[in-house]
$ cat work_34.cif   # mmCIF, C-alpha atoms
data_final
loop_
_atom_site.label_atom_id
_atom_site.label_comp_id
_atom_site.auth_asym_id
_atom_site.auth_seq_id
_atom_site.Cartn_x
_atom_site.Cartn_y
_atom_site.Cartn_z
CA MET A 1 98.26 90.65 94.00
CA ILE A 2 98.28 94.25 92.87
CA PRO A 3 96.46 97.14 94.56
CA ALA A 4 93.82 99.15 92.72
CA LYS A 5 95.24 102.17 90.91
CA PHE A 6 96.14 105.20 92.97
CA ASP A 7 98.16 108.41 92.73
CA TYR A 8 101.25 108.60 94.89
CA LYS A 9 102.22 111.88 96.55
CA ARG A 10 105.28 112.34 98.70
CA ALA A 11 104.95 115.01 101.38
CA SER A 12 108.12 116.81 102.40
CA SER A 13 106.62 118.60 105.41
CA VAL A 14 103.77 118.15 107.87
CA SER A 15 101.98 121.18 106.38
CA GLU A 16 102.28 119.73 102.88
CA ALA A 17 100.83 116.41 104.11
CA ILE A 18 97.91 118.25 105.72
CA SER A 19 97.20 120.33 102.63
CA LEU A 20 97.31 117.17 100.47
CA LEU A 21 94.85 115.56 102.88
CA GLY A 22 92.66 118.65 102.62
CA GLU A 23 92.77 118.46 98.85
CA HIS A 24 91.91 114.76 98.56
CA GLY A 25 89.82 114.19 101.69
CA SER A 26 88.49 110.73 102.32
CA GLU A 27 89.87 109.45 99.02
CA ALA A 28 93.39 109.71 100.42
CA LYS A 29 95.31 107.47 102.81
CA VAL A 30 98.48 108.34 104.64
CA VAL A 31 101.35 105.84 104.39
CA SER A 32 104.56 105.65 106.39
CA GLY A 33 105.92 102.10 106.69
CA GLY A 34 102.86 100.73 104.90
CA HIS A 35 103.01 97.35 106.60
CA SER A 36 99.33 97.33 107.47
CA LEU A 37 98.07 99.44 104.61
CA VAL A 38 99.89 97.90 101.64
CA PRO A 39 98.69 94.32 102.33
CA ALA A 40 95.15 95.68 102.82
CA MET A 41 95.42 97.48 99.48
CA LYS A 42 96.71 94.35 97.75
CA LEU A 43 93.74 92.42 99.12
CA ARG A 44 91.56 95.30 97.87
CA MET A 45 90.14 95.78 101.36
CA SER A 46 91.45 99.33 101.06
CA ARG A 47 91.27 101.26 97.77
CA PRO A 48 92.53 104.80 98.32
CA GLU A 49 92.72 106.95 95.22
CA VAL A 50 95.65 108.90 96.59
CA LEU A 51 98.47 107.69 98.80
CA ILE A 52 100.27 110.39 100.76
CA ASP A 53 103.72 109.21 101.85
CA ILE A 54 104.88 110.96 105.03
CA LYS A 55 107.92 108.74 105.63
CA ARG A 56 110.47 111.32 104.46
CA ILE A 57 109.17 114.30 106.43
CA PRO A 58 112.18 115.51 108.43
CA GLY A 59 111.91 115.54 112.21
CA LEU A 60 109.27 112.83 112.62
CA ASP A 61 111.75 110.03 113.26
CA THR A 62 113.46 111.10 116.47
CA ILE A 63 113.27 109.79 120.03
CA THR A 64 113.88 112.47 122.64
CA GLU A 65 113.95 112.67 126.39
CA GLU A 66 112.13 115.75 127.67
CA GLY A 67 112.30 115.84 131.46
CA ASP A 68 109.99 113.14 132.77
CA GLU A 69 108.74 112.31 129.29
CA ILE A 70 109.93 110.43 126.23
CA VAL A 71 108.70 111.66 122.86
CA ILE A 72 108.74 109.14 120.01
CA GLY A 73 108.28 110.53 116.49
CA ALA A 74 105.46 109.02 114.45
CA ASN A 75 107.79 107.75 111.74
CA CYS A 76 110.07 105.81 114.11
CA THR A 77 110.20 102.18 113.06
CA HIS A 78 109.68 99.44 115.60
CA SER A 79 113.35 98.44 115.22
CA GLN A 80 114.45 101.99 115.92
CA VAL A 81 112.31 102.16 119.07
CA MET A 82 113.56 98.73 120.15
CA ARG A 83 117.22 99.75 119.79
CA SER A 84 116.81 103.09 121.56
CA GLU A 85 118.67 103.16 124.88
CA VAL A 86 116.36 105.93 126.10
CA VAL A 87 113.41 103.58 125.53
CA GLN A 88 115.16 100.58 127.06
CA ASN A 89 116.10 102.58 130.16
CA HIS A 90 113.02 104.72 130.78
CA LEU A 91 110.24 102.99 128.91
CA ASN A 92 111.04 99.33 129.16
CA ILE A 93 107.38 98.39 128.76
CA VAL A 94 107.53 99.84 125.24
CA TYR A 95 110.74 97.91 124.54
CA GLN A 96 109.04 94.70 125.68
CA ALA A 97 106.02 95.28 123.47
CA VAL A 98 107.82 96.49 120.38
CA SER A 99 110.23 93.56 120.37
CA LYS A 100 107.18 91.28 120.14
CA ILE A 101 105.67 92.98 117.07
CA GLY A 102 105.63 90.90 113.88
CA ASP A 103 109.12 89.82 112.84
CA VAL A 104 112.48 91.43 112.10
CA GLN A 105 111.57 92.54 108.58
CA ILE A 106 108.25 94.01 109.67
CA ARG A 107 109.85 95.79 112.62
CA ASN A 108 112.35 97.33 110.21
CA ARG A 109 109.57 99.09 108.27
CA GLY A 110 106.44 99.40 110.43
CA THR A 111 106.09 102.60 112.45
CA ILE A 112 104.57 103.57 115.79
CA GLY A 113 102.42 106.30 114.23
CA GLY A 114 101.15 104.00 111.50
CA SER A 115 100.31 101.26 113.96
CA LEU A 116 98.29 103.62 116.16
CA ALA A 117 96.51 105.34 113.28
CA HIS A 118 95.57 101.95 111.81
CA ALA A 119 94.16 100.86 115.22
CA ASP A 120 94.03 97.17 114.52
CA PRO A 121 92.20 95.70 117.52
CA SER A 122 94.89 93.00 117.86
CA SER A 123 97.99 95.19 117.59
CA ASP A 124 100.34 95.67 120.52
CA TYR A 125 100.88 99.43 120.82
CA PRO A 126 97.30 100.37 121.84
CA ALA A 127 97.49 98.40 125.11
CA VAL A 128 100.80 100.05 125.94
CA VAL A 129 99.84 103.67 125.20
CA LEU A 130 96.65 103.13 127.26
CA ALA A 131 98.45 101.68 130.30
CA CYS A 132 101.16 104.36 130.11
CA ASP A 133 98.66 107.23 129.81
CA ALA A 134 100.56 108.38 126.74
CA THR A 135 99.43 111.29 124.60
CA ILE A 136 99.02 111.15 120.83
CA GLU A 137 100.30 114.39 119.30
CA VAL A 138 98.48 115.23 116.09
CA GLU A 139 98.50 118.08 113.61
CA GLY A 140 95.82 119.15 111.17
CA LYS A 141 94.24 122.04 109.35
CA GLU A 142 93.08 123.52 112.66
CA GLY A 143 96.56 123.27 114.19
CA LYS A 144 98.09 120.95 116.75
CA ARG A 145 96.32 119.05 119.50
CA SER A 146 97.16 116.36 122.01
CA ILE A 147 94.82 113.40 122.39
CA PRO A 148 95.08 111.32 125.57
CA ALA A 149 95.45 107.64 124.65
CA THR A 150 92.33 106.90 126.69
CA GLU A 151 90.32 109.06 124.26
CA PHE A 152 92.07 107.96 121.06
CA PHE A 153 90.58 104.55 120.27
CA LEU A 154 86.93 104.73 119.28
CA GLY A 155 86.32 101.31 117.72
CA LEU A 156 87.51 98.73 115.24
CA PHE A 157 90.15 100.47 113.06
CA TRP A 158 88.64 103.75 114.25
CA THR A 159 90.38 106.55 116.12
CA ALA A 160 89.82 110.14 117.20
CA LEU A 161 92.08 111.28 114.35
CA ALA A 162 90.17 113.69 112.09
CA GLU A 163 90.20 113.21 108.33
CA GLU A 164 92.75 115.94 107.76
CA GLU A 165 95.04 115.16 110.70
CA ILE A 166 98.21 113.13 110.98
CA ILE A 167 99.99 111.79 114.04
CA THR A 168 103.32 113.54 114.54
CA ALA A 169 104.55 112.00 117.81
CA ILE A 170 103.64 109.96 120.86
CA ARG A 171 104.46 111.44 124.25
CA PHE A 172 105.03 108.92 127.06
CA PRO A 173 105.62 109.62 130.73
CA LYS A 174 108.66 107.63 131.90
CA VAL A 175 107.62 104.31 133.39
CA ALA A 176 109.67 102.77 136.19
CA ASN A 177 107.77 99.51 136.49
CA GLY A 178 105.73 98.17 133.60
CA THR A 179 105.23 94.91 131.75
CA TYR A 180 103.72 93.70 128.48
CA GLN A 181 102.42 90.15 128.30
CA LYS A 182 101.38 88.77 124.93
CA PHE A 183 99.69 85.57 123.84
CA PHE A 184 100.67 85.23 120.17
CA GLN A 185 98.47 84.15 117.32
CA SER A 186 101.02 81.62 116.17
CA ALA A 187 100.99 82.32 112.43
CA SER A 188 100.37 86.07 112.16
CA ARG A 189 102.28 87.04 115.36
CA PHE A 190 99.45 89.44 116.21
CA ALA A 191 98.18 89.32 119.79
CA VAL A 192 95.28 87.02 120.56
CA VAL A 193 95.45 88.87 123.87
CA GLY A 194 98.00 91.49 124.90
CA VAL A 195 98.10 93.07 128.34
CA ALA A 196 100.15 96.09 129.39
CA ALA A 197 100.36 96.88 133.09
CA VAL A 198 102.04 99.82 134.79
CA GLN A 199 102.60 100.27 138.52
CA ASP A 200 101.05 103.57 139.61
CA GLY A 201 101.81 104.25 143.28
CA ASP A 202 99.91 101.55 145.15
CA GLY A 203 97.67 101.01 142.17
CA VAL A 204 98.00 99.73 138.62
CA LYS A 205 97.02 100.86 135.15
CA VAL A 206 96.07 98.09 132.75
CA GLY A 207 95.59 98.30 128.97
CA ILE A 208 94.22 95.36 126.99
CA THR A 209 94.38 94.62 123.28
CA GLY A 210 92.92 91.73 121.29
CA VAL A 211 89.90 91.14 123.50
CA ALA A 212 87.40 93.78 122.42
CA GLY A 213 86.86 95.57 119.14
CA THR A 214 88.30 98.62 120.88
CA PRO A 215 91.46 98.37 123.00
CA TYR A 216 90.56 99.44 126.52
CA ARG A 217 91.71 100.34 130.01
CA ALA A 218 90.62 97.58 132.39
CA THR A 219 89.23 99.99 134.96
CA ALA A 220 87.43 97.19 136.82
CA VAL A 221 90.81 95.51 137.41
CA GLU A 222 92.36 98.82 138.44
CA ASP A 223 89.53 99.51 140.94
CA ALA A 224 89.69 96.02 142.43
CA TYR A 225 93.48 95.96 142.72
CA SER A 226 94.92 96.07 146.19
CA GLY A 227 98.29 94.46 145.65
CA SER A 228 97.05 91.03 144.61
CA ALA A 229 96.82 89.56 141.10
CA ASP A 230 93.35 88.25 142.01
CA ALA A 231 92.00 91.50 140.56
CA ALA A 232 92.59 89.87 137.15
CA GLU A 233 89.17 88.20 137.57
CA HIS A 234 87.67 91.53 136.50
CA ALA A 235 89.52 91.72 133.16
CA VAL A 236 86.40 91.68 130.98
CA ASP A 237 83.83 93.17 133.37
CA GLY A 238 81.29 95.33 131.57
CA LEU A 239 82.65 94.59 128.08
CA GLU A 240 80.11 94.57 125.29
CA ASP A 241 82.15 94.06 122.15
CA LEU A 242 84.19 90.93 122.85
CA MET A 243 85.83 89.64 119.69
CA SER A 244 85.35 86.12 118.43
CA ASP A 245 87.05 84.40 115.51
CA HIS A 246 88.35 80.99 114.49
CA PHE A 247 91.46 81.44 116.61
CA ALA A 248 89.64 82.27 119.82
CA ASP A 249 85.92 82.41 120.54
CA GLU A 250 84.40 84.76 123.12
CA THR A 251 84.56 82.37 126.07
CA TYR A 252 88.16 81.39 125.38
CA ARG A 253 89.21 85.01 124.82
CA ALA A 254 87.55 86.18 128.04
CA HIS A 255 89.31 83.42 129.96
CA LEU A 256 92.63 84.18 128.29
CA ALA A 257 92.25 87.89 129.13
CA LYS A 258 92.02 87.02 132.83
CA VAL A 259 95.02 84.68 132.60
CA MET A 260 97.13 87.30 130.81
CA VAL A 261 96.14 90.10 133.21
CA LYS A 262 97.13 87.84 136.11
CA LYS A 263 100.49 87.18 134.44
CA ALA A 264 101.00 90.90 133.97
CA LEU A 265 100.10 91.79 137.55
CA ASP A 266 102.38 89.02 138.82
CA ALA A 267 105.22 90.35 136.65
CA LEU A 268 105.11 93.87 138.13
CA MET B 1 106.49 107.80 88.47
CA GLN B 2 110.21 108.09 87.78
CA ILE B 3 112.32 106.25 90.37
CA SER B 4 115.97 105.41 90.73
CA MET B 5 117.72 103.02 93.08
CA THR B 6 120.98 101.20 93.50
CA ILE B 7 120.51 97.46 93.36
CA ASN B 8 123.46 95.16 94.04
CA GLY B 9 125.77 98.10 93.41
CA LYS B 10 124.29 99.11 90.07
CA THR B 11 122.02 102.14 89.61
CA TYR B 12 118.74 101.72 87.78
CA ALA B 13 116.14 104.30 86.74
CA HIS B 14 112.64 103.44 85.55
CA ASP B 15 109.21 104.89 85.21
CA VAL B 16 106.93 102.67 87.33
CA GLU B 17 103.30 102.59 88.30
CA PRO B 18 102.95 103.53 92.00
CA ARG B 19 101.09 100.29 92.73
CA ILE B 20 104.03 98.07 91.71
CA SER B 21 105.79 96.41 94.66
CA LEU B 22 109.55 96.34 95.02
CA ALA B 23 109.37 92.54 94.59
CA GLN B 24 107.54 92.90 91.27
CA TYR B 25 109.91 95.63 90.13
CA LEU B 26 112.89 93.41 90.87
CA ARG B 27 111.41 90.33 89.22
CA GLU B 28 109.52 91.72 86.26
CA THR B 29 111.36 94.89 85.30
CA LEU B 30 114.90 93.94 86.26
CA ASN B 31 114.58 90.17 85.79
CA LEU B 32 116.09 89.57 89.24
CA THR B 33 113.93 86.54 89.90
CA GLY B 34 115.92 85.33 92.90
CA THR B 35 113.57 87.37 95.08
CA HIS B 36 110.56 85.09 95.41
CA ILE B 37 106.93 85.98 96.02
CA GLY B 38 105.12 83.51 98.26
CA CYS B 39 102.25 84.80 100.37
CA ASP B 40 102.49 88.30 98.85
CA THR B 41 101.24 89.89 102.10
CA SER B 42 104.37 90.06 104.33
CA GLY B 43 103.82 86.75 106.12
CA CYS B 44 106.23 84.25 104.58
CA GLY B 45 109.50 86.12 104.09
CA SER B 46 110.51 84.57 100.75
CA CYS B 47 110.74 88.08 99.24
CA THR B 48 113.24 89.32 101.85
CA VAL B 49 115.86 91.76 100.53
CA HIS B 50 117.98 94.40 102.23
CA VAL B 51 116.90 98.02 101.90
CA ASP B 52 119.53 100.50 103.10
CA GLY B 53 121.19 97.69 105.03
CA ALA B 54 118.15 96.26 106.82
CA ALA B 55 116.05 93.20 105.95
CA ALA B 56 112.66 94.04 104.49
CA LYS B 57 109.84 92.21 102.77
CA ALA B 58 109.86 93.41 99.17
CA CYS B 59 106.26 92.31 98.53
CA THR B 60 104.98 94.86 101.05
CA LEU B 61 107.03 97.80 99.89
CA LEU B 62 105.95 99.82 96.92
CA ALA B 63 108.87 100.50 94.60
CA VAL B 64 108.09 104.23 94.86
CA GLN B 65 108.45 104.09 98.65
CA VAL B 66 112.07 102.99 98.37
CA ASP B 67 113.01 105.37 95.56
CA GLY B 68 116.63 106.42 96.13
CA SER B 69 117.48 103.47 98.38
CA GLU B 70 120.27 100.95 98.21
CA VAL B 71 118.89 97.46 97.76
CA THR B 72 120.67 94.12 97.98
CA THR B 73 119.02 90.99 96.66
CA ILE B 74 120.14 87.38 96.70
CA GLU B 75 121.83 88.00 93.34
CA GLY B 76 124.11 90.51 95.07
CA MET B 77 125.38 88.15 97.75
CA ALA B 78 127.97 86.08 95.86
CA ASN B 79 131.31 87.54 94.92
CA GLY B 80 131.56 86.53 91.27
CA ASN B 81 131.59 82.74 91.24
CA GLU B 82 132.37 82.55 94.91
CA MET B 83 129.30 82.00 97.03
CA HIS B 84 128.66 84.14 100.08
CA PRO B 85 129.62 82.16 103.24
CA ILE B 86 125.92 81.89 104.13
CA GLN B 87 125.08 80.47 100.69
CA ALA B 88 128.02 78.04 100.96
CA ALA B 89 126.88 76.95 104.41
CA PHE B 90 123.34 76.26 103.14
CA LYS B 91 124.86 74.07 100.42
CA GLU B 92 127.15 72.19 102.78
CA ASN B 93 124.54 71.65 105.48
CA HIS B 94 121.61 70.68 103.27
CA GLY B 95 119.92 73.93 104.31
CA LEU B 96 117.47 73.76 101.43
CA GLN B 97 115.07 71.21 100.07
CA CYS B 98 112.73 72.66 97.42
CA GLY B 99 114.62 75.97 97.60
CA PHE B 100 111.65 78.31 97.41
CA CYS B 101 112.24 79.96 100.79
CA THR B 102 116.04 79.90 100.47
CA PRO B 103 116.73 83.39 99.06
CA GLY B 104 114.65 84.93 101.83
CA MET B 105 116.28 82.71 104.45
CA VAL B 106 119.76 83.71 103.28
CA MET B 107 118.91 87.42 103.27
CA THR B 108 117.37 87.26 106.75
CA ALA B 109 120.32 85.19 108.00
CA ALA B 110 122.69 87.90 106.73
CA ASP B 111 120.69 90.51 108.65
CA ILE B 112 120.73 88.41 111.83
CA LEU B 113 124.50 87.86 111.67
CA LYS B 114 125.22 91.48 110.78
CA ASN B 115 123.46 92.67 113.93
CA ASN B 116 124.60 89.77 116.09
CA PRO B 117 127.65 87.90 114.71
CA ASN B 118 127.59 85.43 117.62
CA ALA B 119 123.87 84.74 117.56
CA SER B 120 122.88 81.71 119.64
CA GLU B 121 120.68 78.97 118.23
CA GLU B 122 117.73 80.51 120.04
CA GLU B 123 118.48 83.97 118.66
CA ILE B 124 118.77 82.56 115.14
CA ARG B 125 115.43 80.76 115.48
CA HIS B 126 113.83 83.91 116.88
CA GLY B 127 115.33 86.00 114.07
CA LEU B 128 113.84 83.67 111.47
CA GLU B 129 110.29 84.02 112.75
CA GLY B 130 109.29 86.00 109.66
CA ASN B 131 110.48 83.32 107.22
CA PHE B 132 108.52 80.16 106.54
CA CYS B 133 109.93 76.93 105.10
CA ARG B 134 107.06 74.75 103.94
CA CYS B 135 109.42 71.78 103.59
CA THR B 136 109.83 72.39 107.35
CA GLY B 137 113.59 72.13 106.96
CA TYR B 138 114.27 74.53 109.82
CA HIS B 139 116.74 72.28 111.61
CA ASN B 140 119.28 72.39 108.77
CA ILE B 141 118.56 76.05 108.02
CA VAL B 142 119.52 76.96 111.59
CA LYS B 143 122.55 74.64 111.39
CA SER B 144 123.61 76.33 108.13
CA ILE B 145 123.44 79.76 109.71
CA GLN B 146 125.41 78.59 112.74
CA HIS B 147 128.12 77.16 110.46
CA ALA B 148 128.15 80.35 108.39
CA ALA B 149 128.60 82.39 111.58
CA GLU B 150 131.58 80.24 112.59
CA LYS B 151 133.24 80.74 109.20
CA MET B 152 132.48 84.47 109.07
CA ASN B 153 133.86 84.98 112.59
CA ALA B 154 137.00 82.90 111.98
#

$ encode --input "work_34.cif" --output "structure tokens"
Amino acid sequence: MIPAKFDYKRASSVSEAISLLGEHGSEAKVVSGGHSLVPAMKLRMSRPEVLIDIKRIPGLDTITEEGDEIVIGANCTHSQVMRSEVVQNHLNIVYQAVSKIGDVQIRNRGTIGGSLAHADPSSDYPAVVLACDATIEVEGKEGKRSIPATEFFLGLFWTALAEEEIITAIRFPKVANGTYQKFFQSASRFAVVGVAAVQDGDGVKVGITGVAGTPYRATAVEDAYSGSADAAEHAVDGLEDLMSDHFADETYRAHLAKVMVKKALDAL
Amino acid sequence: MQISMTINGKTYAHDVEPRISLAQYLRETLNLTGTHIGCDTSGCGSCTVHVDGAAAKACTLLAVQVDGSEVTTIEGMANGNEMHPIQAAFKENHGLQCGFCTPGMVMTAADILKNNPNASEEEIRHGLEGNFCRCTGYHNIVKSIQHAAEKMNA
């Protein structure tokens, strides 16, 4: 399979990437690892006329500790995040999630920024950034802005990222006690259901992927939580866009969401 | 677009269309047909090569993305007529049946053992999760990699 024809541009700085985006608008797609985009292009589900490669922009592939926060550059591969001692020590929930993404080869190329910008409803990172209250750092024509994870995901493959913006980094508060529980789709290794839970004082913060078209914070679980995993019963309360496919229909997925939230709460 | 990369120690330069994958470039331009294309969408692992020392699926990388990289394919594993220990172990342990997945299996195995020379059976199985063998010959593939590890560590 061969993608439709496109022009390839390699950006050497964030400002160059933004000006290329400005020039080509909605006909352009940004690529870093390309492990979601390239297969979609080969299947002709995506047909950008211009591909803007941001992978070689210096400074977007570092992991730094800044006080109580860890900042992961958008171009960091999953393998790089997984091997980072800073992540293992201060953001173990991210280590747990990232080591469950795809397989070795995919982790060697796929990036955190690409995964979030793509916003696949079954990918692992959205649940984690939601539960951690991370911030997505973006840059565009109008300058820089920080988008709270809770405001970033708007729908199926749809985010708050404007057409001429790129993600530059993800800023996480350090997490002392967090867990990521994943029920794998056995062939693709995507999550049928993925649940990230973070202890927050006496309460919890819970992010869920794979269940709805938009990854979400399970606020009903958070409100009902008083130390017992029974709060998991509320995992899909109020949800309107439950996903259903040949791997898991709505009823099964809703049940599995409760089971996985319970596992996550028990693991804290 | 003009690209250049070092493949199995030799430098190549070609003008390629941006939409050509690394796997296609290897197979069709360079005639290195040891890199197989199975699913063609990063699921099956038969196209696994090493890019700058790390296993990658060549079907899901555009050749232009890896411009300037060092690539190793299955053709670069043997030392002249002497098979790489992993290749030899696959032969000795009946680690292949039809052989279609084998180049990818060997390349992933090399990546696993590079990062973890004493990988346990479980770690080997886990490391192979991105490589499918439709003959379902996993038992002997894992055995081959274990034997290769023993020889390489001896």

$ residues_around --input "work_34.cif" --residues "Met45 of chain A" --least-positions-apart "6" --cutoff "12 Å" --atoms "only C-alpha atoms" --output "short mmCIF file (atom, residue, chain, number, x, y, z; two decimals) with C-alpha atoms, in the frame of the given file"
data_model
loop_
_atom_site.label_atom_id
_atom_site.label_comp_id
_atom_site.auth_asym_id
_atom_site.auth_seq_id
_atom_site.Cartn_x
_atom_site.Cartn_y
_atom_site.Cartn_z
CA ILE A 2 98.28 94.25 92.87
CA PRO A 3 96.46 97.14 94.56
CA ALA A 4 93.82 99.15 92.72
CA SER A 36 99.33 97.33 107.47
CA LEU A 37 98.07 99.44 104.61
CA VAL A 38 99.89 97.90 101.64
CA PRO A 39 98.69 94.32 102.33
#

$ residues_around --input "work_34.cif" --residues "Val71 of chain A" --least-positions-apart "3" --cutoff "12 Å" --atoms "only C-alpha atoms" --output "compact mmCIF listing (two decimals) with C-alpha atoms, in the frame of the given file"
# COMPACT_ATOMS: atom_id res chain seq x y z
CA GLY A 59 111.91 115.54 112.21
CA LEU A 60 109.27 112.83 112.62
CA ASP A 61 111.75 110.03 113.26
CA THR A 62 113.46 111.10 116.47
CA ILE A 63 113.27 109.79 120.03
CA THR A 64 113.88 112.47 122.64
CA GLU A 65 113.95 112.67 126.39
CA GLU A 66 112.13 115.75 127.67
CA GLY A 67 112.30 115.84 131.46
CA ASP A 68 109.99 113.14 132.77
CA ALA A 74 105.46 109.02 114.45
CA ASN A 75 107.79 107.75 111.74
CA CYS A 76 110.07 105.81 114.11
CA VAL A 81 112.31 102.16 119.07
CA SER A 84 116.81 103.09 121.56
CA VAL A 86 116.36 105.93 126.10
CA VAL A 87 113.41 103.58 125.53
CA HIS A 90 113.02 104.72 130.78
CA LEU A 91 110.24 102.99 128.91
CA ILE A 112 104.57 103.57 115.79
CA GLY A 113 102.42 106.30 114.23
CA ALA A 134 100.56 108.38 126.74
CA THR A 135 99.43 111.29 124.60
CA ILE A 136 99.02 111.15 120.83
CA GLU A 137 100.30 114.39 119.30
CA THR A 168 103.32 113.54 114.54
CA ALA A 169 104.55 112.00 117.81
CA ILE A 170 103.64 109.96 120.86
CA ARG A 171 104.46 111.44 124.25
CA PHE A 172 105.03 108.92 127.06
CA PRO A 173 105.62 109.62 130.73
CA LYS A 174 108.66 107.63 131.90

$ closest_atom_pairs --input "work_34.cif" --of "chain A" --to "chain B" --cutoff "10 Å" --atoms "only C-alpha atoms" --output "tab-separated table"
residue	atom	partner	partner_atom	distance
A:Met1	CA	B:Asp40	CA	6.9
A:Ile2	CA	B:Arg19	CA	6.7
A:Pro3	CA	B:Arg19	CA	5.9
A:Ala4	CA	B:Arg19	CA	7.4
A:Lys5	CA	B:Arg19	CA	6.4
A:Phe6	CA	B:Arg19	CA	7.0
A:Asp7	CA	B:Pro18	CA	6.9
A:Tyr8	CA	B:Pro18	CA	6.1
A:Lys9	CA	B:Pro18	CA	9.5
A:Arg10	CA	B:Gln65	CA	8.8
A:Val31	CA	B:Gln65	CA	9.3
A:Ser32	CA	B:Gln65	CA	8.8
A:Gly33	CA	B:Leu61	CA	8.1
A:Gly34	CA	B:Leu61	CA	7.1
A:His35	CA	B:Thr60	CA	6.4
A:Ser36	CA	B:Thr60	CA	8.9
A:Leu37	CA	B:Thr60	CA	9.0
A:Val38	CA	B:Thr60	CA	6.0
A:Pro39	CA	B:Thr41	CA	5.1
A:Ala40	CA	B:Thr41	CA	8.4
A:Met41	CA	B:Arg19	CA	9.3
A:Lys42	CA	B:Thr41	CA	7.7
A:Leu43	CA	B:Thr41	CA	8.5
A:Leu51	CA	B:Pro18	CA	9.1
A:Asp53	CA	B:Gln65	CA	7.7
A:Lys55	CA	B:Gln65	CA	8.4
A:Arg56	CA	B:Gln65	CA	9.5
A:Ser79	CA	B:Ala54	CA	9.9
A:Gly102	CA	B:Gly130	CA	7.4
A:Asp103	CA	B:Gly130	CA	5.0
A:Val104	CA	B:Gly127	CA	6.4
A:Gln105	CA	B:Ala56	CA	4.5
A:Ile106	CA	B:Ala56	CA	6.8
A:Arg107	CA	B:Ala56	CA	8.8
A:Asn108	CA	B:Ala56	CA	6.6
A:Arg109	CA	B:Ala56	CA	7.0
A:Ala187	CA	B:Gly43	CA	8.2
A:Ser188	CA	B:Gly43	CA	7.0
A:Arg189	CA	B:Glu129	CA	8.9

$ residues_around --input "work_34.cif" --residues "Ile74 of chain B" --least-positions-apart "5" --cutoff "12 Å" --atoms "all atoms listed in the file" --output "PyMOL selection string"
chain B and resi 7-8+26-27+32-36+46-50+55+79+83-84+86-87+101-110

$ resolve_selection --input "work_34.cif" --expression "the PyMOL selection byres ((chain A and resi 48) around 7)" --output "list in words"
Phe6, Glu27, Ala28, Lys29, Ser46, Arg47, Glu49, Val50 and Leu51 of chain A

$ write_last_selection --input "work_34.cif" --atoms "C-alpha atoms" --output "PDB file, in the coordinates of the input"
ATOM      1  CA  PHE A   6      96.140 105.200  92.970  1.00  0.00           C
ATOM      2  CA  GLU A  27      89.870 109.450  99.020  1.00  0.00           C
ATOM      3  CA  ALA A  28      93.390 109.710 100.420  1.00  0.00           C
ATOM      4  CA  LYS A  29      95.310 107.470 102.810  1.00  0.00           C
ATOM      5  CA  SER A  46      91.450  99.330 101.060  1.00  0.00           C
ATOM      6  CA  ARG A  47      91.270 101.260  97.770  1.00  0.00           C
ATOM      7  CA  GLU A  49      92.720 106.950  95.220  1.00  0.00           C
ATOM      8  CA  VAL A  50      95.650 108.900  96.590  1.00  0.00           C
ATOM      9  CA  LEU A  51      98.470 107.690  98.800  1.00  0.00           C
TER      10      LEU A  51
END

$ residues_around --input "work_34.cif" --residues "Ala257 of chain A" --least-positions-apart "3" --cutoff "10 Å" --atoms "all atoms listed in the file" --output "PyMOL selection string"
chain A and resi 183+192-195+208-211+232-236+251-254+260-263

$ residues_near_point --input "work_34.cif" --point "(105.6, 70.5, 103.0)" --cutoff "12 Å" --atoms "all atoms listed in the file" --output "JSON, numbers by chain"
{"B": [97, 98, 99, 100, 101, 132, 133, 134, 135, 136, 137, 138]}

$ write_last_selection --input "work_34.cif" --atoms "C-alpha atoms" --output "tab-separated table (two decimals), in the frame of the given file"
chain	number	residue	atom	x	y	z
B	97	GLN	CA	115.07	71.21	100.07
B	98	CYS	CA	112.73	72.66	97.42
B	99	GLY	CA	114.62	75.97	97.60
B	100	PHE	CA	111.65	78.31	97.41
B	101	CYS	CA	112.24	79.96	100.79
B	132	PHE	CA	108.52	80.16	106.54
B	133	CYS	CA	109.93	76.93	105.10
B	134	ARG	CA	107.06	74.75	103.94
B	135	CYS	CA	109.42	71.78	103.59
B	136	THR	CA	109.83	72.39	107.35
B	137	GLY	CA	113.59	72.13	106.96
B	138	TYR	CA	114.27	74.53	109.82

$ resolve_selection --input "work_34.cif" --expression "the PyMOL selection byres ((chain B and resi 6) around 8)" --output "PyMOL selection string"
chain B and resi 4-5+7-12+68-71

$ resolve_selection --input "work_34.cif" --expression "the PyMOL selection byres ((chain A and resi 227) around 8)" --output "list in words"
Asp202, Gly203, Tyr225, Ser226, Ser228 and Ala229 of chain A

$ atom_distance --input "work_34.cif" --atom1 "atom CA of Glu16 of chain A" --atom2 "atom CA of Ile167 of chain A"
13.9 Å

$ atom_distance --input "work_34.cif" --atom1 "atom CA of Lys205 of chain A" --atom2 "atom CA of Ala131 of chain A"
5.1 Å

$ closest_residue --input "work_34.cif" --among "A:Ile93, A:Val221, A:Leu256, A:Val206" --to "Ala191 of chain A" --atoms "all atoms listed in the file"
A:Leu256
